[in-house]
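File shown here: target.txt, holding compact mmCIF, C-alpha atoms and all ligand atoms.
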# COMPACT_ATOMS: atom_id res chain seq x y z
CA MET A 28 182.94 195.83 56.01
CA VAL A 29 186.13 194.33 57.35
CA ARG A 30 185.11 195.31 60.79
CA ASN A 31 181.72 193.65 60.35
CA PHE A 32 183.41 190.56 59.14
CA ALA A 33 185.71 190.50 62.17
CA THR A 34 182.72 190.99 64.49
CA ALA A 35 180.90 188.16 62.80
CA LEU A 36 183.94 185.93 63.14
CA PHE A 37 184.33 186.84 66.79
CA ALA A 38 180.66 186.15 67.48
CA SER A 39 180.77 182.81 65.75
CA SER A 40 183.92 181.77 67.60
CA LEU A 41 182.19 182.62 70.92
CA LEU A 42 179.26 180.45 69.93
CA LEU A 43 181.63 177.71 68.90
CA THR A 44 183.38 177.93 72.25
CA SER A 45 180.21 177.74 74.34
CA GLY A 46 178.86 175.07 72.01
CA ALA A 47 182.07 173.09 72.50
CA VAL A 48 181.82 173.43 76.27
CA ALA A 49 178.21 172.21 76.23
CA GLN A 50 179.21 169.33 73.98
CA GLU A 51 182.04 168.43 76.29
CA PHE A 52 179.73 168.40 79.35
CA ASP A 53 177.23 166.24 77.44
CA ASP A 54 180.02 163.85 76.48
CA TRP A 55 180.99 163.62 80.12
CA LEU A 56 177.39 162.84 81.14
CA GLN A 57 177.33 160.08 78.56
CA GLU A 58 180.64 158.70 79.81
CA PHE A 59 179.44 158.91 83.42
CA ARG A 60 176.30 156.97 82.48
CA ALA A 61 178.28 153.71 82.31
CA GLU A 62 179.71 154.35 85.78
CA ALA A 63 176.23 155.08 87.20
CA LEU A 64 174.70 151.99 85.63
CA ALA A 65 177.56 149.88 87.00
CA GLU A 66 176.62 151.26 90.45
CA GLY A 67 173.12 149.90 90.02
CA ILE A 68 171.29 153.01 88.78
CA SER A 69 168.66 152.02 86.22
CA ALA A 70 169.11 153.32 82.68
CA GLU A 71 165.58 154.68 82.86
CA THR A 72 166.33 156.78 85.95
CA TYR A 73 169.63 158.02 84.57
CA ASP A 74 168.22 159.05 81.21
CA ARG A 75 165.12 160.66 82.70
CA GLU A 76 166.89 162.64 85.45
CA MET A 77 170.14 163.55 83.73
CA ALA A 78 168.40 164.89 80.62
CA THR A 79 167.67 168.12 82.51
CA VAL A 80 171.05 168.46 84.25
CA GLU A 81 173.09 171.53 83.36
CA PRO A 82 176.49 172.86 84.47
CA VAL A 83 176.08 175.64 87.04
CA GLN A 84 178.55 178.51 86.70
CA ARG A 85 178.00 179.70 90.29
CA VAL A 86 178.89 176.25 91.64
CA LEU A 87 182.21 176.39 89.76
CA GLU A 88 182.93 179.83 91.21
CA LEU A 89 182.14 178.75 94.77
CA ASN A 90 184.22 175.60 94.31
CA ASP A 91 187.24 177.59 93.13
CA ASN A 92 186.97 180.17 95.87
CA GLN A 93 189.89 179.84 98.27
CA PRO A 94 189.47 182.93 100.38
CA GLU A 95 192.47 185.15 101.01
CA PHE A 96 191.16 186.05 104.47
CA VAL A 97 189.73 183.75 107.11
CA LYS A 98 187.61 184.81 110.04
CA GLY A 99 188.78 184.56 113.61
CA VAL A 100 186.98 181.81 115.50
CA TRP A 101 185.30 184.52 117.61
CA GLU A 102 183.81 186.13 114.49
CA TYR A 103 182.43 182.77 113.42
CA LEU A 104 180.98 182.20 116.90
CA ASP A 105 179.40 185.67 116.98
CA THR A 106 177.20 184.54 114.08
CA ALA A 107 176.84 180.87 114.98
CA VAL A 108 175.83 181.57 118.57
CA SER A 109 174.03 184.88 118.03
CA ASP A 110 171.20 186.03 120.30
CA THR A 111 168.73 185.37 117.46
CA ARG A 112 169.94 181.82 116.90
CA ILE A 113 169.79 181.16 120.64
CA SER A 114 166.24 182.47 121.06
CA ASN A 115 165.02 180.68 117.91
CA GLY A 116 166.68 177.54 119.25
CA LEU A 117 164.92 177.81 122.61
CA ASN A 118 161.56 178.34 120.86
CA ASN A 119 162.06 175.49 118.41
CA ALA A 120 163.25 173.14 121.15
CA ALA A 121 160.18 173.97 123.26
CA ALA A 122 157.81 173.54 120.30
CA ASN A 123 159.19 170.05 119.62
CA GLU A 124 159.99 168.96 123.16
CA ALA A 125 158.10 165.64 123.23
CA LEU A 126 159.47 164.52 119.86
CA LEU A 127 163.03 165.53 120.81
CA ASN A 128 162.77 163.70 124.15
CA ARG A 129 161.74 160.48 122.41
CA ILE A 130 164.57 160.74 119.90
CA GLU A 131 167.15 161.60 122.58
CA GLU A 132 166.05 158.51 124.49
CA ALA A 133 166.05 156.25 121.42
CA TYR A 134 169.49 157.25 120.10
CA GLY A 135 171.37 158.37 123.20
CA VAL A 136 172.14 161.73 121.62
CA ASP A 137 171.48 164.93 123.55
CA LYS A 138 168.52 166.79 122.09
CA GLU A 139 170.25 170.17 122.53
CA ILE A 140 173.02 169.00 120.18
CA ILE A 141 170.43 167.91 117.59
CA VAL A 142 168.71 171.30 117.84
CA ALA A 143 172.04 173.15 117.58
CA ILE A 144 172.97 171.26 114.40
CA TRP A 145 169.53 172.02 112.98
CA GLY A 146 170.07 175.69 113.89
CA LEU A 147 173.49 176.00 112.28
CA GLU A 148 172.81 173.88 109.20
CA SER A 149 169.58 175.54 108.07
CA SER A 150 168.56 178.17 110.68
CA TYR A 151 165.99 175.63 111.96
CA GLY A 152 164.70 174.70 108.52
CA ALA A 153 164.55 178.23 107.14
CA ILE A 154 167.46 177.98 104.66
CA MET A 155 168.01 174.60 103.00
CA GLY A 156 169.57 175.72 99.71
CA SER A 157 167.82 175.94 96.37
CA TYR A 158 170.32 174.39 93.97
CA ASP A 159 169.19 171.43 91.91
CA VAL A 160 171.37 168.82 93.62
CA LEU A 161 171.93 166.74 90.48
CA SER A 162 173.11 169.75 88.46
CA ALA A 163 175.34 171.01 91.28
CA LEU A 164 176.96 167.60 91.78
CA ALA A 165 177.36 166.96 88.05
CA THR A 166 179.13 170.34 87.82
CA LEU A 167 181.51 169.35 90.64
CA GLY A 168 181.98 165.85 89.22
CA HIS A 169 182.83 167.16 85.78
CA GLU A 170 185.63 169.62 86.61
CA GLY A 171 187.45 171.44 89.39
CA ARG A 172 189.13 170.33 92.59
CA ARG A 173 186.41 168.03 93.93
CA THR A 174 185.63 165.73 91.03
CA SER A 175 185.74 162.50 93.04
CA PHE A 176 183.45 164.03 95.71
CA GLY A 177 181.07 165.25 92.99
CA ARG A 178 180.99 161.90 91.22
CA SER A 179 180.38 159.78 94.33
CA GLN A 180 177.70 162.16 95.62
CA LEU A 181 176.05 162.26 92.20
CA ILE A 182 175.83 158.45 92.26
CA GLY A 183 174.33 158.76 95.76
CA ALA A 184 171.75 161.32 94.61
CA LEU A 185 170.78 159.11 91.66
CA LYS A 186 170.34 156.16 94.04
CA ILE A 187 167.97 158.27 96.16
CA LEU A 188 165.87 158.92 93.06
CA ASP A 189 166.18 155.40 91.69
CA ARG A 190 164.97 153.92 94.97
CA GLU A 191 162.23 156.55 95.17
CA TYR A 192 163.24 157.82 98.63
CA ALA A 193 162.59 161.32 97.32
CA ASP A 194 161.64 162.87 94.02
CA ARG A 195 163.55 165.32 91.89
CA THR A 196 161.58 168.38 93.03
CA GLN A 197 162.69 167.63 96.61
CA LEU A 198 166.33 167.19 95.68
CA LYS A 199 167.27 170.80 96.36
CA GLY A 200 170.24 171.76 98.45
CA SER A 201 173.48 173.65 98.86
CA TRP A 202 175.94 174.20 96.03
CA ALA A 203 177.91 171.19 97.36
CA GLY A 204 174.87 168.92 97.40
CA ALA A 205 173.92 169.07 101.11
CA MET A 206 170.18 168.57 101.48
CA GLY A 207 167.34 169.18 103.88
CA GLN A 208 167.02 170.68 107.33
CA THR A 209 170.28 169.21 108.64
CA GLN A 210 172.09 169.28 105.28
CA PHE A 211 172.96 165.64 104.55
CA ILE A 212 175.07 164.93 101.49
CA PRO A 213 173.61 162.04 99.44
CA THR A 214 175.92 159.27 100.72
CA THR A 215 175.20 160.31 104.33
CA TYR A 216 171.51 160.28 103.49
CA LEU A 217 171.76 156.74 102.13
CA GLU A 218 173.77 155.49 105.13
CA SER A 219 172.15 157.33 108.01
CA ALA A 220 168.78 158.89 107.16
CA VAL A 221 165.87 157.39 109.10
CA ASP A 222 162.15 157.11 108.34
CA TYR A 223 161.15 157.93 111.91
CA ASP A 224 157.42 158.39 111.35
CA GLY A 225 157.17 155.21 109.26
CA ASP A 226 155.48 156.72 106.22
CA GLY A 227 157.90 154.97 103.88
CA ARG A 228 159.95 158.10 103.09
CA ARG A 229 163.07 159.46 104.67
CA ASP A 230 162.02 163.05 104.45
CA LEU A 231 164.73 165.45 105.61
CA TRP A 232 162.99 168.41 104.01
CA SER A 233 159.65 168.58 105.79
CA ASN A 234 159.29 165.87 108.45
CA LEU A 235 160.90 166.87 111.74
CA GLY A 236 160.82 163.34 113.18
CA ASP A 237 162.84 162.13 110.18
CA VAL A 238 165.15 165.17 110.43
CA PHE A 239 165.94 164.78 114.14
CA ALA A 240 166.20 160.98 114.11
CA SER A 241 168.46 161.01 111.05
CA THR A 242 170.77 163.55 112.71
CA ALA A 243 170.82 161.57 115.95
CA ASN A 244 171.47 158.36 114.03
CA TYR A 245 174.39 159.92 112.16
CA LEU A 246 175.93 161.24 115.41
CA SER A 247 175.41 157.90 117.10
CA ARG A 248 177.13 156.12 114.21
CA SER A 249 179.93 158.70 114.47
CA GLY A 250 180.71 157.63 118.05
CA TYR A 251 178.43 159.86 120.15
CA VAL A 252 178.42 158.77 123.79
CA ALA A 253 175.33 159.32 125.95
CA ASN A 254 175.90 161.17 129.22
CA GLU A 255 179.28 162.57 128.25
CA PRO A 256 179.74 166.31 127.72
CA TRP A 257 180.95 167.62 124.34
CA GLY A 258 183.50 169.61 126.29
CA PHE A 259 183.92 172.68 128.47
CA GLU A 260 186.24 175.61 128.97
CA VAL A 261 189.26 174.90 131.14
CA SER A 262 191.99 176.96 132.74
CA LEU A 263 195.57 175.85 132.30
CA PRO A 264 198.29 176.06 134.95
CA GLU A 265 201.11 178.61 134.74
CA GLY A 266 203.84 177.54 132.32
CA PHE A 267 201.65 174.92 130.65
CA ASP A 268 203.25 173.18 127.68
CA TYR A 269 200.94 174.06 124.79
CA ALA A 270 202.38 171.27 122.68
CA LEU A 271 200.04 169.04 124.72
CA ALA A 272 197.06 170.86 123.20
CA ASP A 273 196.82 168.76 120.08
CA ARG A 274 194.07 166.69 118.52
CA SER A 275 196.34 163.66 118.48
CA ASN A 276 197.01 163.85 122.24
CA ARG A 277 193.97 162.19 123.79
CA GLN A 278 194.09 161.55 127.54
CA MET A 279 191.73 160.46 130.28
CA VAL A 280 190.16 163.14 132.48
CA ALA A 281 192.19 161.82 135.41
CA SER A 282 195.44 162.49 133.52
CA TRP A 283 194.42 166.02 132.58
CA ALA A 284 193.52 166.68 136.21
CA GLN A 285 196.98 165.53 137.27
CA LEU A 286 198.50 168.14 134.96
CA GLY A 287 196.76 170.84 136.99
CA ILE A 288 194.00 171.63 134.49
CA GLU A 289 190.79 172.94 136.03
CA ARG A 290 187.34 173.69 134.74
CA ALA A 291 187.04 177.41 134.08
CA ASP A 292 183.73 177.56 135.97
CA GLY A 293 185.41 176.37 139.16
CA VAL A 294 183.81 172.89 139.22
CA ALA A 295 186.46 170.25 139.88
CA LEU A 296 187.58 168.61 136.64
CA THR A 297 186.83 165.18 138.05
CA ASP A 298 183.28 166.00 139.23
CA ASP A 299 180.26 164.66 137.39
CA ILE A 300 182.24 162.88 134.71
CA ASP A 301 183.55 159.40 134.01
CA LEU A 302 187.25 159.61 134.93
CA ASN A 303 188.04 157.36 131.98
CA ALA A 304 186.36 159.75 129.53
CA THR A 305 189.01 160.58 126.96
CA GLY A 306 189.51 164.07 125.67
CA TYR A 307 191.96 166.46 124.09
CA LEU A 308 192.72 170.11 124.58
CA ILE A 309 192.01 172.77 122.00
CA VAL A 310 193.18 176.38 121.99
CA PRO A 311 191.37 177.63 118.86
CA ALA A 312 192.89 181.12 119.06
CA GLY A 313 196.21 180.15 120.63
CA ALA A 314 197.52 180.76 124.13
CA GLU A 315 195.92 184.23 124.27
CA GLY A 316 192.40 182.80 123.93
CA PRO A 317 190.23 180.32 125.85
CA ALA A 318 191.13 176.63 126.14
CA PHE A 319 188.62 173.78 125.98
CA LEU A 320 188.80 170.13 126.95
CA VAL A 321 186.71 168.25 124.38
CA PHE A 322 185.53 164.63 124.34
CA ASN A 323 184.16 161.93 122.02
CA ASN A 324 181.02 163.89 121.25
CA PHE A 325 183.07 166.80 119.93
CA ARG A 326 184.74 164.33 117.57
CA ALA A 327 181.32 163.02 116.53
CA ILE A 328 180.27 166.60 115.69
CA LEU A 329 183.47 167.01 113.65
CA ARG A 330 182.31 164.08 111.52
CA TYR A 331 179.42 166.34 110.54
CA ASN A 332 181.70 169.17 109.55
CA ASN A 333 185.44 168.87 110.11
CA SER A 334 186.00 172.36 111.50
CA THR A 335 186.91 173.18 115.10
CA SER A 336 184.97 176.46 114.86
CA TYR A 337 181.86 174.58 113.71
CA ALA A 338 182.03 171.95 116.45
CA LEU A 339 182.66 174.63 119.06
CA GLY A 340 179.70 176.59 117.71
CA ILE A 341 177.47 173.52 118.05
CA GLY A 342 178.71 172.82 121.57
CA LEU A 343 178.30 176.38 122.84
CA LEU A 344 174.89 176.82 121.16
CA SER A 345 173.73 173.54 122.69
CA ASN A 346 174.68 174.85 126.15
CA HIS A 347 172.42 177.86 125.60
CA ILE A 348 169.56 175.65 124.39
CA ALA A 349 170.02 173.44 127.47
CA GLY A 350 169.85 176.57 129.61
CA ASP A 351 173.24 176.03 131.21
CA ALA A 352 175.51 178.30 129.20
CA LYS A 353 178.21 180.11 131.12
CA PRO A 354 180.11 183.04 129.71
CA LEU A 355 183.68 182.26 128.72
CA VAL A 356 186.13 183.13 131.49
CA GLN A 357 189.00 183.82 129.09
CA SER A 358 188.06 186.23 126.31
CA TRP A 359 189.02 185.86 122.65
CA PRO A 360 192.01 187.88 121.39
CA ARG A 361 189.82 190.16 119.29
CA GLY A 362 192.70 192.58 118.73
CA ASP A 363 194.69 189.89 116.92
CA ARG A 364 193.62 188.17 113.72
CA PRO A 365 194.28 184.97 111.79
CA LEU A 366 196.71 185.26 108.88
CA SER A 367 195.64 185.75 105.29
CA LEU A 368 196.72 183.23 102.66
CA THR A 369 199.61 185.46 101.56
CA GLU A 370 200.72 185.92 105.17
CA ARG A 371 200.50 182.18 105.87
CA LYS A 372 202.87 181.63 102.97
CA SER A 373 205.28 184.26 104.26
CA LEU A 374 205.14 182.61 107.70
CA GLN A 375 206.16 179.33 106.08
CA GLU A 376 208.93 181.01 104.12
CA ALA A 377 210.22 182.79 107.22
CA LEU A 378 210.25 179.53 109.22
CA SER A 379 212.07 177.81 106.42
CA GLN A 380 214.69 180.61 106.15
CA ARG A 381 215.33 180.30 109.90
CA GLY A 382 216.07 176.59 109.60
CA TYR A 383 212.70 175.21 110.70
CA ASN A 384 210.89 172.84 108.36
CA PRO A 385 207.27 173.82 107.80
CA GLY A 386 206.86 171.66 104.67
CA PRO A 387 205.80 173.15 101.33
CA VAL A 388 204.99 176.88 101.11
CA ASP A 389 201.30 176.38 100.29
CA GLY A 390 199.57 178.57 102.87
CA ILE A 391 198.07 175.54 104.59
CA ILE A 392 198.83 175.44 108.30
CA GLY A 393 198.95 171.67 108.70
CA ALA A 394 200.73 169.46 111.22
CA GLY A 395 204.15 170.17 109.67
CA THR A 396 203.84 173.96 109.81
CA LYS A 397 202.41 173.80 113.34
CA ALA A 398 205.30 171.63 114.53
CA ALA A 399 207.86 174.00 112.96
CA LEU A 400 206.12 177.04 114.45
CA ARG A 401 206.02 175.39 117.87
CA GLN A 402 209.72 174.63 117.67
CA TRP A 403 210.50 178.26 116.80
CA GLN A 404 208.22 179.48 119.62
CA ARG A 405 209.95 177.16 122.09
CA ASP A 406 213.37 178.39 120.99
CA GLN A 407 212.17 181.97 121.54
CA GLY A 408 210.79 181.15 124.99
CA LEU A 409 207.22 181.78 123.80
CA PRO A 410 204.16 179.59 124.54
CA ALA A 411 204.37 176.84 121.90
CA ASP A 412 200.73 176.95 120.79
CA GLY A 413 201.51 176.67 117.05
CA TYR A 414 198.83 179.27 116.36
CA ALA A 415 199.52 181.31 113.24
CA SER A 416 198.34 184.79 114.15
CA SER A 417 199.27 188.20 112.92
CA ALA A 418 201.15 188.87 116.19
CA VAL A 419 203.27 185.75 115.86
CA LEU A 420 204.16 186.54 112.24
CA THR A 421 205.33 190.03 113.25
CA LYS A 422 207.59 188.54 115.94
CA LEU A 423 208.88 185.90 113.58
CA LEU A 424 209.80 188.43 110.90
CA GLN A 425 211.64 190.51 113.50
CA SER A 426 213.61 187.54 114.86
CA CA A 501 159.17 159.55 107.05

Could you express the structure from this file as structure tokens?
Amino acid sequence: MVRNFATALFASSLLLTSGAVAQEFDDWLQEFRAEALAEGISAETYDREMATVEPVQRVLELNDNQPEFVKGVWEYLDTAVSDTRISNGLNNAAANEALLNRIEEAYGVDKEIIVAIWGLESSYGAIMGSYDVLSALATLGHEGRRTSFGRSQLIGALKILDREYADRTQLKGSWAGAMGQTQFIPTTYLESAVDYDGDGRRDLWSNLGDVFASTANYLSRSGYVANEPWGFEVSLPEGFDYALADRSNRQMVASWAQLGIERADGVALTDDIDLNATGYLIVPAGAEGPAFLVFNNFRAILRYNNSTSYALGIGLLSNHIAGDAKPLVQSWPRGDRPLSLTERKSLQEALSQRGYNPGPVDGIIGAGTKAALRQWQRDQGLPADGYASSAVLTKLLQS
């Protein structure tokens, strides 16, 4: 009897809890309504579309997920630039050659880069995400570590519906609200999507002209420069100061050539390129791995997804699609590995204990930690690449 009573109490408190959560989410939707209306969304659109919005547990889980382990850039590239993705890219580029040529000409963006983005974002239209974008964005806007992103993108998605650019059944995408064949978030859609075929809709889900032109338009608006390479592998002279390999250190090709940097494929650095083209050096796996000189177009690709691995994946895949890929001269340090979150924190602690200032012990290898690591490497007579690998942590702990 008592036990039954306790069970009943427990069950009713569970119901109360989930009821309270639902009520709280509904209250938030009501509160957000005023914000959406102030942004120009009609009350009719808001009430019609938001009536069916629900919090998505899986979105919350993915949003909270800060992985303990990260992949080495080479592992990422193995998938991004796999044989399958290359051959599908060649086939898809050939099947759409005339359309891609027209769009390349119109926007000044290399068609191989457009195809590579299409390939990485959705496997050439095969995987676009099946989350209801409004529900996913409302979930992010309501709670978690990206509420301002969720709210602004939710407003964007509602504008798309309010202006009838797309209907609700089309508004499917990734858990973070990226939509269509090249995965535009709603605000990017509103700013950069193009109705290339002139049918009155900016259809990034099923119209390839709209997909390619929108992607080219976004890259162009992000500073893409026609007739400039994204980058290429380089070889660095003996004793090179790796502190120069930094995103903030942008120099003209002529200056890099003066430092003794050469193209890894043996072509002179100053051949076939505007000597005033400005680039920076990246060593994505530290001094033990390959180095690349990257230009404005690499930065434009980073505006798509702010990850060096991603931009490198796009660049290398585009070389394959253009038919001029060369194998890397310097191989990746596959025997080493990037540090886990716990190890990144112990690296920061160890630097701090040795009198270097890496900033807060948060496991984020930002500019401060890199500078501290470089200083320690310099003091040890090691290449100052600031790359936090398992090998460097071992040396640091032994020092
Ligand atoms: Ca269209």

Q. So what do you get for atom CA of Ser150 of chain A versus atom CA of Leu235 of chain A, distance-wise?
A. 13.7 Å

(Q) Counting all atoms listed in the file, which residue out of A:Ile141, A:Ala270, A:Ile154, A:Ala338 sits closest to Ala243 of chain A? (A)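 That would be A:Ile141, the residue with the smallest distance to Ala243 of chain A.
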
Q) Pick the closest to ligand CA 501 (chain A) from A:Gly225, A:Gly156, A:Gly146, A:Gly266: which is it, counting all atoms listed in the file? A) A:Gly225

(Q) Using all atoms listed in the file, which protein or nucleic acid residues come within 8 Å of Asn244 of chain A? Drop anything in the same chain fewer than 5 positions from it, and give the result as a list in words. (A)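 Selected residues are Tyr134, Ser219, Ala220 and Val221 of chain A.
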
Q | Contacts to ligand CA 501 (chain A) at 6 Å cut-off (only C-alpha atoms and all ligand atoms) as a list in words | A |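 Checked against 6 Å with only C-alpha atoms and all ligand atoms; the hits are Asp222, Tyr223, Asp224, Gly225, Asp226, Gly227, Arg228, Arg229, Asp230 and Asp237 of chain A.
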
Q. Between atom CA of Gln425 of chain A and atom CA of Lys98 of chain A, what is the distance, to one decimal in Å?
A.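 Computing it gives 24.9 Å between the two atoms.
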
Q. Which one of A:Leu231, A:Ala78, A:Leu64, A:Ala165 sits closest to Ala193 of chain A if you count all atoms listed in the file?
A.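 For Ala193 of chain A, the nearest of the given residues is A:Leu231.
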
Q: Quote the spacing between atom CA of Asp363 of chain A and atom CA of Ser417 of chain A in Å to one decimal place.
A: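 Spanning atom CA of Asp363 of chain A to atom CA of Ser417 of chain A is a straight-line distance of 6.3 Å.
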
Q. With distances taken over all atoms listed in the file, which of A:Val160, A:Ala291, A:Ile130, A:Leu344 is nearest to Asn115 of chain A?
A.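 Distance minimum relative to Asn115 of chain A lands on A:Leu344.
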
Q: Could you give me, as an NGL selection string, the residues within 12 Å of Thr72 of chain A, counting all atoms listed in the file and dropping anything in the same chain fewer than 5 positions from it?
A: :A and (60 or 63-64 or 67 or 77-79 or 182 or 184-191 or 194-195)

For C-alpha atoms, I'd like the residues from the last selection saved as a CSV table (one decimal), keeping the file's coordinate frame.
chain,number,residue,atom,x,y,z
A,60,ARG,CA,176.3,157.0,82.5
A,63,ALA,CA,176.2,155.1,87.2
A,64,LEU,CA,174.7,152.0,85.6
A,67,GLY,CA,173.1,149.9,90.0
A,77,MET,CA,170.1,163.6,83.7
A,78,ALA,CA,168.4,164.9,80.6
A,79,THR,CA,167.7,168.1,82.5
A,182,ILE,CA,175.8,158.4,92.3
A,184,ALA,CA,171.8,161.3,94.6
A,185,LEU,CA,170.8,159.1,91.7
A,186,LYS,CA,170.3,156.2,94.0
A,187,ILE,CA,168.0,158.3,96.2
A,188,LEU,CA,165.9,158.9,93.1
A,189,ASP,CA,166.2,155.4,91.7
A,190,ARG,CA,165.0,153.9,95.0
A,191,GLU,CA,162.2,156.6,95.2
A,194,ASP,CA,161.6,162.9,94.0
A,195,ARG,CA,163.6,165.3,91.9

Q. In terms of the shortest atom-to-atom distance over only C-alpha atoms, which of A:Tyr216, A:Phe176, A:Phe259, A:Tyr337 is closest to Ala143 of chain A?
A.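 Among the listed residues, the smallest separation from Ala143 of chain A belongs to A:Tyr337.
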
Q) What would the list of residues within 6 Å of (169.4, 171.6, 106.3) (file frame) look like as a list of chain:residue names, if all atoms listed in the file are what count? A) A:Glu148, A:Ser149, A:Met155, A:Met206, A:Gly207, A:Gln208, A:Thr209, A:Gln210

Q) Which one of A:Arg274, A:Arg75, A:Arg178, A:His169 sits closest to Val48 of chain A if you count all atoms listed in the file? A) A:His169

(Q) Neighbouring residues of Ala133 of chain A were defined as those with any atom within 12 Å, considering all atoms listed in the file; residues of the same chain fewer than 4 positions away were excluded. Please report them as a PyMOL selection string. (A) chain A and resi 126-129+137-138+223+239-241+243-244+247+253

Q: List every protein, DNA or RNA residue with an atom no more than 6 Å from (182.6, 164.7, 119.3) in the file's coordinates, counting all atoms listed in the file, and format the result as a list in words.
A: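 Those residues, ordered by chain and then number, are Phe322, Asn323, Asn324, Phe325, Arg326, Ala327 and Ile328 of chain A.
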
Q) So which residues touch Ser373 of chain A within 12 Å, counting all atoms listed in the file, skipping near sequence neighbours fewer than 2 positions away, as a list of chain:residue names? A) A:Leu366, A:Ser367, A:Leu368, A:Thr369, A:Glu370, A:Arg371, A:Gln375, A:Glu376, A:Ala377, A:Leu378, A:Ser379, A:Gln380, A:Pro385, A:Pro387, A:Val388, A:Asp389, A:Gly390, A:Ile391, A:Ile392, A:Thr396, A:Ala415, A:Ser417, A:Val419, A:Leu420, A:Thr421, A:Leu423, A:Leu424

Using all atoms listed in the file, which protein or nucleic acid residues come within 9 Å of Ala312 of chain A? Drop anything in the same chain fewer than 6 positions from it, and give the result as a compact mmCIF listing (two decimals) with C-alpha atoms, in the coordinates of the input.
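The new file around_37.txt reads:
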# COMPACT_ATOMS: atom_id res chain seq x y z
CA GLY A 99 188.78 184.56 113.61
CA VAL A 100 186.98 181.81 115.50
CA TRP A 101 185.30 184.52 117.61
CA ALA A 318 191.13 176.63 126.14
CA TRP A 359 189.02 185.86 122.65
CA PRO A 360 192.01 187.88 121.39
CA ARG A 364 193.62 188.17 113.72
CA PRO A 365 194.28 184.97 111.79
CA TYR A 414 198.83 179.27 116.36
CA ALA A 415 199.52 181.31 113.24
CA SER A 416 198.34 184.79 114.15

Put segment 257-299 of chain A into a file with C-alpha atoms, as a compact mmCIF listing (two decimals), in the first residue's frame.
# COMPACT_ATOMS: atom_id res chain seq x y z
CA TRP A 257 43.42 28.74 -52.51
CA GLY A 258 46.93 27.69 -51.56
CA PHE A 259 49.51 24.97 -52.08
CA GLU A 260 51.99 22.90 -50.15
CA VAL A 261 55.35 24.56 -49.56
CA SER A 262 58.71 23.48 -48.24
CA LEU A 263 60.38 25.59 -45.60
CA PRO A 264 64.09 26.31 -45.36
CA GLU A 265 66.28 24.72 -42.67
CA GLY A 266 65.94 26.48 -39.31
CA PHE A 267 62.73 28.25 -40.32
CA ASP A 268 61.11 30.29 -37.54
CA TYR A 269 57.71 28.65 -37.10
CA ALA A 270 56.41 31.66 -35.24
CA LEU A 271 55.96 33.15 -38.73
CA ALA A 272 53.38 30.47 -39.49
CA ASP A 273 50.42 32.29 -38.02
CA ARG A 274 47.07 33.38 -39.39
CA SER A 275 47.77 36.94 -38.33
CA ASN A 276 51.05 37.10 -40.31
CA ARG A 277 49.93 37.82 -43.86
CA GLN A 278 52.66 38.61 -46.39
CA MET A 279 52.98 39.03 -50.14
CA VAL A 280 54.25 36.09 -52.18
CA ALA A 281 57.41 38.06 -52.93
CA SER A 282 58.18 38.33 -49.20
CA TRP A 283 57.64 34.63 -48.60
CA ALA A 284 59.93 33.86 -51.53
CA GLN A 285 62.64 36.04 -49.97
CA LEU A 286 62.45 33.92 -46.81
CA GLY A 287 63.48 30.90 -48.87
CA ILE A 288 60.07 29.22 -49.03
CA GLU A 289 59.51 27.06 -52.10
CA ARG A 290 56.56 25.26 -53.58
CA ALA A 291 56.72 21.61 -52.60
CA ASP A 292 56.09 20.53 -56.21
CA GLY A 293 59.26 22.29 -57.37
CA VAL A 294 57.52 25.12 -59.26
CA ALA A 295 59.07 28.47 -58.32
CA LEU A 296 56.98 30.24 -55.70
CA THR A 297 56.79 33.34 -57.87
CA ASP A 298 55.64 31.53 -61.04
CA ASP A 299 52.07 31.83 -62.27
